[in-house]
Amino acid sequence: MEEKIIIAVLAGTTRPLRESIKAARYVAQIGQTFADVEIIFVDPIEYEFPNDGNDTENKNPDYSAITAKADAFFIVTPEYNHGYPGSLKRMLDSEYANYKHKPVALAGASNGPWGGVRVCEALLPVLHRMGMVIIQPEVYFPRVQDIFDEEGKIKTTFAALQEKNIRASYQELIWMARTLKQGGAVH
Ligand SMILES: Cc1cc2nc3c(=O)[nH]c(=O)nc-3n(C[C@H](O)[C@H](O)[C@H](O)COP(=O)(O)O)c2cc1C
């Protein structure tokens, strides 16, 4: 079997009552069904990024280790005022070389009908600046508070479409990660 592709699934927010964490866990869960993939789930609540003034990147060593070994990233983020949460930007800004020349898939979440379309758009120039390869299709979770049950399991009505979109996104992400690795992408 081919070498496994390591994908870090990044949840976007630390907000205490966050609904989008269910979407992030669901995306990670689907990733785990791919035989040739290893998923590392990153909850920003578990990582501190100190501003100690000595290091312009202000790294967290545990998070650095994850981003170093990840071949690809899947960001699952809520939309805050048409933008991204500070916690996500903090994770992105804490590294540079570990993101560069790696592919990234995007999923947005919101409590309204648009499912985080605007946060995905807002992330494009940021990820482009970081030298990441942004893949299609994007995934959206509209009315995120209604589509998962109390345990975080997706409701049957929404499962088929969401799973189809997420799988399509993973397939592209895996293909791009392998292509970049074979091409000798430098980080
Ligand atoms: C500070 C803040 C700003 C928000 N701005 C938007 C927005 O611009 N567009 C939108 O669709 N939802 C917005 N929402 C609502 C989110 O869609 C909602 O909280 C949803 O549950 C996903 O985020 P969560 O993971 O924090 O729960 C905002 C929520 C917060 C807390």
# chains A, B, ... in the order shown; residues from 1 in each chain; ligands from 1
>>> residues_near_ligand(ligand="ligand 1", cutoff="10 Å", atoms="only C-alpha atoms and all ligand atoms", output="number ranges by chain")
A: 11-24, 76-85, 108-119, 141-146
>>> select_by_dssp(residues="chain A", states="alpha helix (DSSP H)", output="PyMOL selection string")
chain A and resi 20-31+61-69+86-93+117-129+144-147+156-182
>>> atom_distance(atom1="atom CA of Asp36 of chain A", atom2="atom CA of Ile5 of chain A")
6.3 Å
>>> atom_distance(atom1="atom CA of Val42 of chain A", atom2="atom CA of Tyr63 of chain A")
8.4 Å
>>> select_by_dssp(residues="segment 21-175 of chain A", states="strand (DSSP E or B)", output="list in words")
Val37, Glu38, Ile39, Ile40, Phe41, Val42, Ala72, Phe73, Phe74, Ile75, Val76, Thr77, Pro78, Tyr80, Gly83, Pro103, Val104, Ala105, Leu106, Ala107, Gly108, Ala109, Val133, Ile134, Val139, Tyr140, Phe141, Phe148 and Ile154 of chain A
>>> residues_around(residues="segment 127-139 of chain A", least_positions_apart="4", cutoff="9 Å", atoms="only C-alpha atoms", output="PDB file with C-alpha atoms, in the first residue's frame")
ATOM      1  CA  VAL A  76     -13.234  23.586   9.438  1.00  0.00           C
ATOM      2  CA  LEU A  92      -1.985  29.920  10.882  1.00  0.00           C
ATOM      3  CA  TYR A  96       5.183  29.436   7.883  1.00  0.00           C
ATOM      4  CA  ALA A  97       7.520  26.802   6.432  1.00  0.00           C
ATOM      5  CA  TYR A  99       2.398  25.180   5.732  1.00  0.00           C
ATOM      6  CA  LYS A 100       4.175  26.250   2.559  1.00  0.00           C
ATOM      7  CA  HIS A 101       3.655  24.110  -0.564  1.00  0.00           C
ATOM      8  CA  LYS A 102       1.070  21.945   1.195  1.00  0.00           C
ATOM      9  CA  PRO A 103      -2.565  21.568   0.107  1.00  0.00           C
ATOM     10  CA  VAL A 104      -5.489  22.802   2.167  1.00  0.00           C
ATOM     11  CA  ALA A 105      -9.219  22.056   1.993  1.00  0.00           C
ATOM     12  CA  LEU A 106     -11.836  24.376   3.484  1.00  0.00           C
ATOM     13  CA  ALA A 107     -15.147  23.867   5.263  1.00  0.00           C
ATOM     14  CA  GLY A 108     -17.226  26.753   6.600  1.00  0.00           C
ATOM     15  CA  ALA A 109     -19.999  26.659   9.184  1.00  0.00           C
ATOM     16  CA  GLY A 115     -22.812  27.836   5.718  1.00  0.00           C
ATOM     17  CA  GLY A 116     -19.661  29.893   6.023  1.00  0.00           C
ATOM     18  CA  VAL A 117     -19.198  30.743   2.330  1.00  0.00           C
ATOM     19  CA  CYS A 120     -13.929  30.475   3.101  1.00  0.00           C
ATOM     20  CA  LEU A 123      -9.321  32.781   3.987  1.00  0.00           C
ATOM     21  CA  GLN A 162     -22.460  16.402   3.367  1.00  0.00           C
ATOM     22  CA  ASN A 165     -19.013  16.773  -0.571  1.00  0.00           C
ATOM     23  CA  ILE A 166     -16.502  16.003   2.169  1.00  0.00           C
ATOM     24  CA  ALA A 168     -14.878  14.783  -2.864  1.00  0.00           C
ATOM     25  CA  SER A 169     -12.805  17.339  -0.999  1.00  0.00           C
ATOM     26  CA  GLU A 172      -8.740  16.081  -4.203  1.00  0.00           C
ATOM     27  CA  LEU A 173      -6.694  16.872  -1.080  1.00  0.00           C
ATOM     28  CA  MET A 176      -2.753  16.964  -4.425  1.00  0.00           C
TER      29      MET A 176
END
>>> atom_distance(atom1="atom CA of Ala72 of chain A", atom2="atom CA of Ile7 of chain A")
4.8 Å
>>> closest_residue(among="A:Ala65, A:Ala70, A:Ile30, A:Ala8", to="Asp43 of chain A", atoms="only C-alpha atoms")
A:Ala8
>>> residues_around(residues="Asn60 of chain A", least_positions_apart="6", cutoff="10 Å", atoms="only C-alpha atoms", output="PyMOL selection string")
chain A and resi 47-50+91+94-95
